[in-house]
>>> print(open('structure34.pdb').read())   # PDB, C-alpha atoms
ATOM      1  CA  MET A 271      18.142 -33.711   1.681
ATOM      2  CA  LYS A 272      20.737 -31.100   0.779
ATOM      3  CA  SER A 273      24.000 -30.801   2.673
ATOM      4  CA  ASP A 274      25.623 -27.532   3.682
ATOM      5  CA  VAL A 275      27.133 -25.656   0.763
ATOM      6  CA  ILE A 276      30.919 -25.589   1.174
ATOM      7  CA  ALA A 277      33.092 -22.882  -0.368
ATOM      8  CA  VAL A 278      36.033 -24.506  -2.145
ATOM      9  CA  SER A 279      38.999 -23.168  -4.045
ATOM     10  CA  SER A 280      42.128 -24.541  -5.644
ATOM     11  CA  ARG A 281      43.764 -24.174  -2.213
ATOM     12  CA  HIS A 282      43.973 -27.562  -0.487
ATOM     13  CA  ASP A 283      42.728 -26.420   2.924
ATOM     14  CA  GLN A 284      39.230 -25.637   1.641
ATOM     15  CA  ILE A 285      39.118 -28.798  -0.463
ATOM     16  CA  GLU A 286      39.576 -30.889   2.694
ATOM     17  CA  GLU A 287      36.289 -29.429   3.960
ATOM     18  CA  ALA A 288      34.456 -31.003   1.022
ATOM     19  CA  LEU A 289      35.838 -34.434   1.926
ATOM     20  CA  LYS A 290      34.666 -33.953   5.519
ATOM     21  CA  GLN A 291      31.245 -32.972   4.190
ATOM     22  CA  ALA A 292      31.029 -36.239   2.229
ATOM     23  CA  GLU A 293      31.929 -38.239   5.343
ATOM     24  CA  LYS A 294      29.339 -36.367   7.433
ATOM     25  CA  THR A 295      26.654 -36.937   4.798
ATOM     26  CA  ALA A 296      27.458 -40.659   4.659
ATOM     27  CA  ALA A 297      27.290 -40.918   8.462
ATOM     28  CA  PHE A 298      24.015 -38.977   8.638
ATOM     29  CA  LYS A 299      22.424 -41.207   5.971
ATOM     30  CA  GLY A 300      23.764 -44.384   7.634
ATOM     31  CA  LEU A 301      25.589 -45.564   4.526
ATOM     32  CA  SER A 302      27.509 -48.825   4.539
ATOM     33  CA  GLN A 303      31.305 -48.813   4.494
ATOM     34  CA  LYS A 304      31.220 -49.400   0.736
ATOM     35  CA  GLY A 305      28.666 -46.628   0.183
ATOM     36  CA  THR A 306      30.718 -44.223   2.279
ATOM     37  CA  LEU A 307      33.849 -45.128   0.339
ATOM     38  CA  HIS A 308      32.107 -44.453  -2.984
ATOM     39  CA  LEU A 309      30.806 -41.070  -1.808
ATOM     40  CA  VAL A 310      34.207 -39.993  -0.485
ATOM     41  CA  LEU A 311      36.034 -41.338  -3.546
ATOM     42  CA  LEU A 312      33.794 -39.415  -5.953
ATOM     43  CA  THR A 313      34.217 -36.263  -3.858
ATOM     44  CA  GLU A 314      37.981 -36.768  -3.930
ATOM     45  CA  GLU A 315      37.958 -37.097  -7.735
ATOM     46  CA  MET A 316      35.841 -33.966  -8.002
ATOM     47  CA  MET A 317      38.167 -32.030  -5.721
ATOM     48  CA  GLY A 318      41.162 -33.316  -7.701
ATOM     49  CA  LEU A 319      39.647 -31.607 -10.720
ATOM     50  CA  MET A 320      39.201 -28.443  -8.661
ATOM     51  CA  ARG A 321      42.880 -28.463  -7.659
ATOM     52  CA  SER A 322      44.044 -28.840 -11.248
ATOM     53  CA  ILE A 323      42.056 -25.969 -12.791
ATOM     54  CA  THR A 324      44.433 -23.314 -14.071
ATOM     55  CA  GLY A 325      44.886 -20.426 -11.636
ATOM     56  CA  GLU A 326      43.163 -19.831  -8.325
ATOM     57  CA  THR A 327      39.489 -20.613  -8.694
ATOM     58  CA  GLU A 328      36.614 -20.293  -6.243
ATOM     59  CA  GLY A 329      33.620 -22.585  -6.207
ATOM     60  CA  LYS A 330      30.829 -24.242  -4.230
ATOM     61  CA  PHE A 331      30.368 -27.903  -3.324
ATOM     62  CA  TRP A 332      27.327 -29.653  -1.922
ATOM     63  CA  ILE A 333      25.572 -33.038  -1.899
ATOM     64  CA  GLU A 334      21.896 -33.730  -2.494
ATOM     65  CA  ASP A 335      20.135 -37.048  -2.101
ATOM     66  CA  GLU A 336      16.698 -38.482  -2.692
ATOM     67  CA  ASP A 337      15.667 -42.130  -2.381
ATOM     68  CA  GLY A 338      19.289 -43.280  -2.205
ATOM     69  CA  VAL A 339      20.382 -41.321  -5.290
ATOM     70  CA  PHE A 340      23.225 -38.974  -4.372
ATOM     71  CA  GLN A 341      24.184 -35.960  -6.448
ATOM     72  CA  LEU A 342      27.557 -34.309  -5.836
ATOM     73  CA  HIS A 343      27.623 -30.735  -7.130
ATOM     74  CA  LEU A 344      30.666 -28.614  -7.939
ATOM     75  CA  GLN A 345      29.850 -25.136  -9.207
ATOM     76  CA  VAL A 346      32.644 -22.817 -10.318
ATOM     77  CA  THR A 347      32.482 -19.217 -11.479
ATOM     78  CA  THR A 348      35.322 -19.005 -13.947
ATOM     79  CA  PRO A 349      37.333 -15.793 -13.856
ATOM     80  CA  MET A 350      39.567 -16.941 -16.689
ATOM     81  CA  ASN A 351      39.524 -16.636 -20.457
ATOM     82  CA  SER A 352      42.019 -17.661 -23.134
ATOM     83  CA  MET A 353      44.144 -14.549 -22.782
ATOM     84  CA  LYS A 354      44.340 -14.741 -18.991
ATOM     85  CA  ARG A 355      45.102 -18.459 -19.088
ATOM     86  CA  GLU A 356      47.895 -18.044 -21.624
ATOM     87  CA  ARG A 357      49.396 -15.218 -19.578
ATOM     88  CA  LEU A 358      49.308 -17.342 -16.426
ATOM     89  CA  LEU A 359      50.808 -20.391 -18.146
ATOM     90  CA  SER A 360      53.600 -18.339 -19.713
ATOM     91  CA  SER A 361      54.702 -17.339 -16.212
ATOM     92  CA  SER A 362      54.939 -20.965 -15.067
ATOM     93  CA  SER A 363      58.242 -22.821 -15.148
ATOM     94  CA  SER A 364      57.184 -25.117 -17.972
ATOM     95  CA  GLY A 365      55.102 -22.555 -19.856
ATOM     96  CA  LYS A 366      52.334 -25.102 -20.405
ATOM     97  CA  ASN A 367      49.527 -26.818 -18.582
ATOM     98  CA  GLU A 368      49.369 -30.547 -17.933
ATOM     99  CA  SER A 369      47.834 -32.208 -20.973
ATOM    100  CA  ALA A 370      44.213 -33.317 -20.734
ATOM    101  CA  LYS A 371      44.646 -37.047 -20.156
ATOM    102  CA  GLY A 372      41.836 -39.288 -19.054
ATOM    103  CA  LEU A 373      38.216 -38.371 -18.386
ATOM    104  CA  MET A 374      38.904 -35.997 -15.487
ATOM    105  CA  GLY A 375      41.732 -34.341 -17.413
ATOM    106  CA  ARG A 376      39.368 -33.642 -20.298
ATOM    107  CA  LEU A 377      36.739 -32.309 -17.909
ATOM    108  CA  ARG A 378      39.381 -30.127 -16.267
ATOM    109  CA  ASP A 379      40.154 -28.704 -19.681
ATOM    110  CA  VAL A 380      36.468 -27.882 -20.160
ATOM    111  CA  PHE A 381      36.395 -26.029 -16.826
ATOM    112  CA  ASP A 382      39.578 -24.180 -17.824
ATOM    113  CA  ARG A 383      38.021 -23.138 -21.139
ATOM    114  CA  SER A 384      34.572 -22.328 -19.787
ATOM    115  CA  ALA A 385      35.109 -18.552 -19.911
ATOM    116  CA  ASP A 386      36.385 -18.647 -23.494
ATOM    117  CA  GLU A 387      34.346 -16.865 -26.101
ATOM    118  CA  ASP A 388      35.477 -19.294 -28.802
ATOM    119  CA  VAL A 389      32.858 -22.071 -28.882
ATOM    120  CA  SER A 390      35.095 -24.150 -31.182
ATOM    121  CA  ALA A 391      36.955 -25.153 -27.991
ATOM    122  CA  PHE A 392      33.907 -27.291 -27.132
ATOM    123  CA  THR A 393      33.071 -28.823 -30.493
ATOM    124  CA  SER A 394      35.953 -31.271 -30.907
ATOM    125  CA  PRO A 395      34.472 -34.769 -30.548
ATOM    126  CA  MET A 396      37.712 -36.042 -29.011
ATOM    127  CA  LEU A 397      37.699 -33.323 -26.362
ATOM    128  CA  LEU A 398      34.154 -33.877 -25.148
ATOM    129  CA  PRO A 399      31.253 -33.758 -27.606
ATOM    130  CA  GLY A 400      28.263 -31.961 -26.164
ATOM    131  CA  ALA A 401      25.276 -29.855 -27.052
ATOM    132  CA  TYR A 402      26.103 -26.167 -27.047
ATOM    133  CA  GLU A 403      24.783 -22.784 -28.054
ATOM    134  CA  TYR A 404      26.288 -19.330 -27.939
ATOM    135  CA  SER A 405      24.902 -15.816 -27.945
ATOM    136  CA  GLU A 406      26.573 -12.462 -27.392
ATOM    137  CA  LYS A 407      24.173 -11.755 -24.537
ATOM    138  CA  ALA A 408      24.107 -15.094 -22.728
ATOM    139  CA  GLY A 409      27.598 -16.344 -23.585
ATOM    140  CA  LEU A 410      28.276 -20.054 -23.908
ATOM    141  CA  ASN A 411      25.617 -22.601 -22.961
ATOM    142  CA  TRP A 412      27.043 -26.120 -23.100
ATOM    143  CA  GLU A 413      25.937 -29.480 -21.717
ATOM    144  CA  TRP A 414      27.699 -32.830 -21.529
ATOM    145  CA  SER A 415      26.720 -36.256 -20.217
ATOM    146  CA  MET A 416      29.053 -39.187 -19.575
ATOM    147  CA  THR A 417      26.388 -41.635 -20.787
ATOM    148  CA  HIS A 418      25.995 -39.759 -24.076
ATOM    149  CA  TYR A 419      29.788 -39.524 -24.411
ATOM    150  CA  GLN A 420      30.106 -43.313 -23.957
ATOM    151  CA  GLN A 421      27.490 -43.863 -26.668
ATOM    152  CA  GLU A 422      29.232 -41.432 -29.062
ATOM    153  CA  LEU A 423      32.598 -43.092 -28.493
ATOM    154  CA  ALA A 424      31.170 -46.608 -28.893
ATOM    155  CA  SER A 425      29.782 -45.632 -32.313
ATOM    156  CA  LEU A 426      33.132 -44.188 -33.405
ATOM    157  CA  VAL A 427      35.064 -47.193 -32.048
ATOM    158  CA  ALA A 428      32.793 -49.482 -34.089
ATOM    159  CA  MET A 429      33.947 -47.538 -37.158
ATOM    160  CA  ARG A 430      37.572 -48.184 -36.112
ATOM    161  CA  ASP A 431      38.330 -44.566 -35.313
ATOM    162  CA  GLU A 432      41.768 -44.559 -33.642
ATOM    163  CA  ALA A 433      41.250 -41.322 -31.681
ATOM    164  CA  ALA A 434      37.937 -42.653 -30.372
ATOM    165  CA  GLN A 435      39.610 -45.923 -29.329
ATOM    166  CA  LYS A 436      42.199 -43.965 -27.361
ATOM    167  CA  ALA A 437      39.475 -41.889 -25.689
ATOM    168  CA  TRP A 438      37.549 -45.107 -24.909
ATOM    169  CA  ASP A 439      40.636 -46.647 -23.311
ATOM    170  CA  GLU A 440      41.027 -43.508 -21.165
ATOM    171  CA  LEU A 441      37.375 -43.728 -20.167
ATOM    172  CA  GLU A 442      37.787 -47.390 -19.173
ATOM    173  CA  LYS A 443      40.647 -46.416 -16.829
ATOM    174  CA  SER A 444      38.673 -43.636 -15.148
ATOM    175  CA  VAL A 445      37.711 -44.178 -11.519
ATOM    176  CA  VAL A 446      34.693 -41.921 -11.970
ATOM    177  CA  SER A 447      33.333 -43.827 -14.971
ATOM    178  CA  HIS A 448      33.474 -47.076 -12.983
ATOM    179  CA  VAL A 449      31.986 -45.767  -9.734
ATOM    180  CA  ALA A 450      29.508 -43.079 -10.847
ATOM    181  CA  ASP A 451      26.209 -43.859 -12.549
ATOM    182  CA  GLU A 452      26.300 -40.589 -14.460
ATOM    183  CA  VAL A 453      28.349 -37.414 -14.732
ATOM    184  CA  LYS A 454      26.875 -34.203 -16.127
ATOM    185  CA  VAL A 455      28.666 -30.961 -16.901
ATOM    186  CA  SER A 456      27.023 -27.717 -17.903
ATOM    187  CA  ILE A 457      28.287 -24.237 -18.637
ATOM    188  CA  ARG A 458      25.958 -21.255 -18.419
ATOM    189  CA  GLY A 459      27.824 -18.096 -19.279
ATOM    190  CA  ARG A 460      30.704 -18.020 -16.799
ATOM    191  CA  ILE A 461      29.298 -20.610 -14.391
ATOM    192  CA  ALA A 462      30.530 -24.180 -14.889
ATOM    193  CA  GLU A 463      28.881 -26.975 -12.927
ATOM    194  CA  MET A 464      29.620 -30.665 -12.594
ATOM    195  CA  ILE A 465      27.136 -33.124 -11.106
ATOM    196  CA  ILE A 466      28.194 -36.688 -10.277
ATOM    197  CA  ILE A 467      25.274 -39.047  -9.700
ATOM    198  CA  LYS A 468      25.485 -42.299  -7.759
ATOM    199  CA  LYS A 469      22.752 -44.552  -6.405
ATOM    200  CA  ILE A 470      23.840 -45.985  -3.059
ATOM    201  CA  THR A 471      21.621 -48.583  -1.380
TER     202      THR A 471
END
>>> encode(input="structure34.pdb", output="structure tokens")
Amino acid sequence: MKSDVIAVSSRHDQIEEALKQAEKTAAFKGLSQKGTLHLVLLTEEMMGLMRSITGETEGKFWIEDEDGVFQLHLQVTTPMNSMKRERLLSSSSSGKNESAKGLMGRLRDVFDRSADEDVSAFTSPMLLPGAYEYSEKAGLNWEWSMTHYQQELASLVAMRDEAAQKAWDELEKSVVSHVADEVKVSIRGRIAEMIIIKKIT
């Protein structure tokens, strides 16, 4: 089953529609109170990321499910690049964006940078290590998985890497990492997509 596709933006009024969509999906599938809470909570975290992306951004949200495995999709076409982002931030009162703290903060930073032509923005292991490729024609192609990220961090923590330990501590505090079974992020040219996966029985 695939839910209706909801248009969302960084404006709060449209984001509320996504939360309603999660509640409707849970009711339609007859989920328990706990299952409904998990679905709504993950949608809320996803929409929190949407709110925090620099500038006004448009996107699409929908939910798919098969055999009790729910996939929450957020797809954003990024109109921003480094120059535009810097110009926007310089006009703000603080002149800077909120630092990328925690898992969702780091993912927000990836969405913010997804229109950048500089692939080095995606290669820092402490930002979010992921497989990527770049071509002049296709732009940036980048993929990230929370499970892979956890494995990478665990290896670095075992080697007593302080930055990795800090990132691991942030991951441990993340609501999404505790509730979701998997989180995947991909960038294809100027389209960034996040998929949160959760099995609800």
>>> residues_around(input="structure34.pdb", residues="Glu315 in chain A", least_positions_apart="4", cutoff="9 Å", atoms="only C-alpha atoms", output="number ranges by chain")
A: 310-311, 319-320, 374, 445-446
>>> atom_distance(input="structure34.pdb", atom1="CA of Gln421 in chain A", atom2="CA of Ala437 in chain A")
12.2 Å
>>> resolve_selection(input="structure34.pdb", expression="the PyMOL selection byres ((chain A and resi 457) around 8)", output="number ranges by chain")
A: 384, 410-413, 455-456, 458-463
>>> closest_residue(input="structure34.pdb", among="A:Leu309, A:Glu334, A:Glu440, A:Thr327", to="Ala297 in chain A", atoms="all atoms listed in the file")
A:Leu309
>>> closest_atom_pairs(input="structure34.pdb", of="range 281-314 of chain A", to="range 340-344 of chain A", cutoff="12 Å", atoms="only C-alpha atoms", output="JSON lines")
{"residue": "A:Ile285", "atom": "CA", "partner": "A:Leu344", "partner_atom": "CA", "distance": 11.3}
{"residue": "A:Ala288", "atom": "CA", "partner": "A:Leu344", "partner_atom": "CA", "distance": 10.0}
{"residue": "A:Leu289", "atom": "CA", "partner": "A:Leu342", "partner_atom": "CA", "distance": 11.4}
{"residue": "A:Gln291", "atom": "CA", "partner": "A:Leu342", "partner_atom": "CA", "distance": 10.8}
{"residue": "A:Ala292", "atom": "CA", "partner": "A:Leu342", "partner_atom": "CA", "distance": 9.0}
{"residue": "A:Thr295", "atom": "CA", "partner": "A:Phe340", "partner_atom": "CA", "distance": 10.0}
{"residue": "A:Ala296", "atom": "CA", "partner": "A:Phe340", "partner_atom": "CA", "distance": 10.1}
{"residue": "A:Lys299", "atom": "CA", "partner": "A:Phe340", "partner_atom": "CA", "distance": 10.6}
{"residue": "A:Leu301", "atom": "CA", "partner": "A:Phe340", "partner_atom": "CA", "distance": 11.3}
{"residue": "A:Gly305", "atom": "CA", "partner": "A:Phe340", "partner_atom": "CA", "distance": 10.4}
{"residue": "A:Thr306", "atom": "CA", "partner": "A:Phe340", "partner_atom": "CA", "distance": 11.3}
{"residue": "A:His308", "atom": "CA", "partner": "A:Phe340", "partner_atom": "CA", "distance": 10.5}
{"residue": "A:Leu309", "atom": "CA", "partner": "A:Phe340", "partner_atom": "CA", "distance": 8.3}
{"residue": "A:Val310", "atom": "CA", "partner": "A:Leu342", "partner_atom": "CA", "distance": 10.3}
{"residue": "A:Leu311", "atom": "CA", "partner": "A:Leu342", "partner_atom": "CA", "distance": 11.2}
{"residue": "A:Leu312", "atom": "CA", "partner": "A:Leu342", "partner_atom": "CA", "distance": 8.1}
{"residue": "A:Thr313", "atom": "CA", "partner": "A:Leu342", "partner_atom": "CA", "distance": 7.2}
{"residue": "A:Glu314", "atom": "CA", "partner": "A:Leu342", "partner_atom": "CA", "distance": 10.9}
>>> residues_around(input="structure34.pdb", residues="Glu328 in chain A", least_positions_apart="4", cutoff="9 Å", atoms="only C-alpha atoms", output="ChimeraX atom specification")
/A:277-280,320,345-349
>>> resolve_selection(input="structure34.pdb", expression="the PyMOL selection byres ((chain A and resi 422) around 12)", output="compact mmCIF listing (two decimals) with C-alpha atoms, in the frame of the given file")
# COMPACT_ATOMS: atom_id res chain seq x y z
CA PRO A 395 34.47 -34.77 -30.55
CA MET A 396 37.71 -36.04 -29.01
CA LEU A 398 34.15 -33.88 -25.15
CA PRO A 399 31.25 -33.76 -27.61
CA GLY A 400 28.26 -31.96 -26.16
CA TRP A 414 27.70 -32.83 -21.53
CA SER A 415 26.72 -36.26 -20.22
CA MET A 416 29.05 -39.19 -19.58
CA THR A 417 26.39 -41.64 -20.79
CA HIS A 418 26.00 -39.76 -24.08
CA TYR A 419 29.79 -39.52 -24.41
CA GLN A 420 30.11 -43.31 -23.96
CA GLN A 421 27.49 -43.86 -26.67
CA LEU A 423 32.60 -43.09 -28.49
CA ALA A 424 31.17 -46.61 -28.89
CA SER A 425 29.78 -45.63 -32.31
CA LEU A 426 33.13 -44.19 -33.40
CA VAL A 427 35.06 -47.19 -32.05
CA ALA A 428 32.79 -49.48 -34.09
CA MET A 429 33.95 -47.54 -37.16
CA ASP A 431 38.33 -44.57 -35.31
CA ALA A 434 37.94 -42.65 -30.37
CA GLN A 435 39.61 -45.92 -29.33
CA ALA A 437 39.48 -41.89 -25.69
CA TRP A 438 37.55 -45.11 -24.91
>>> closest_residue(input="structure34.pdb", among="A:Gly375, A:Gln303, A:Ser273, A:Met316", to="Ile467 in chain A", atoms="only C-alpha atoms")
A:Met316
>>> atom_distance(input="structure34.pdb", atom1="CA of Val453 in chain A", atom2="CA of Asp335 in chain A")
15.1 Å
>>> closest_residue(input="structure34.pdb", among="A:Val339, A:Ile323, A:Leu441, A:Ile276", to="Arg378 in chain A", atoms="only C-alpha atoms")
A:Ile323
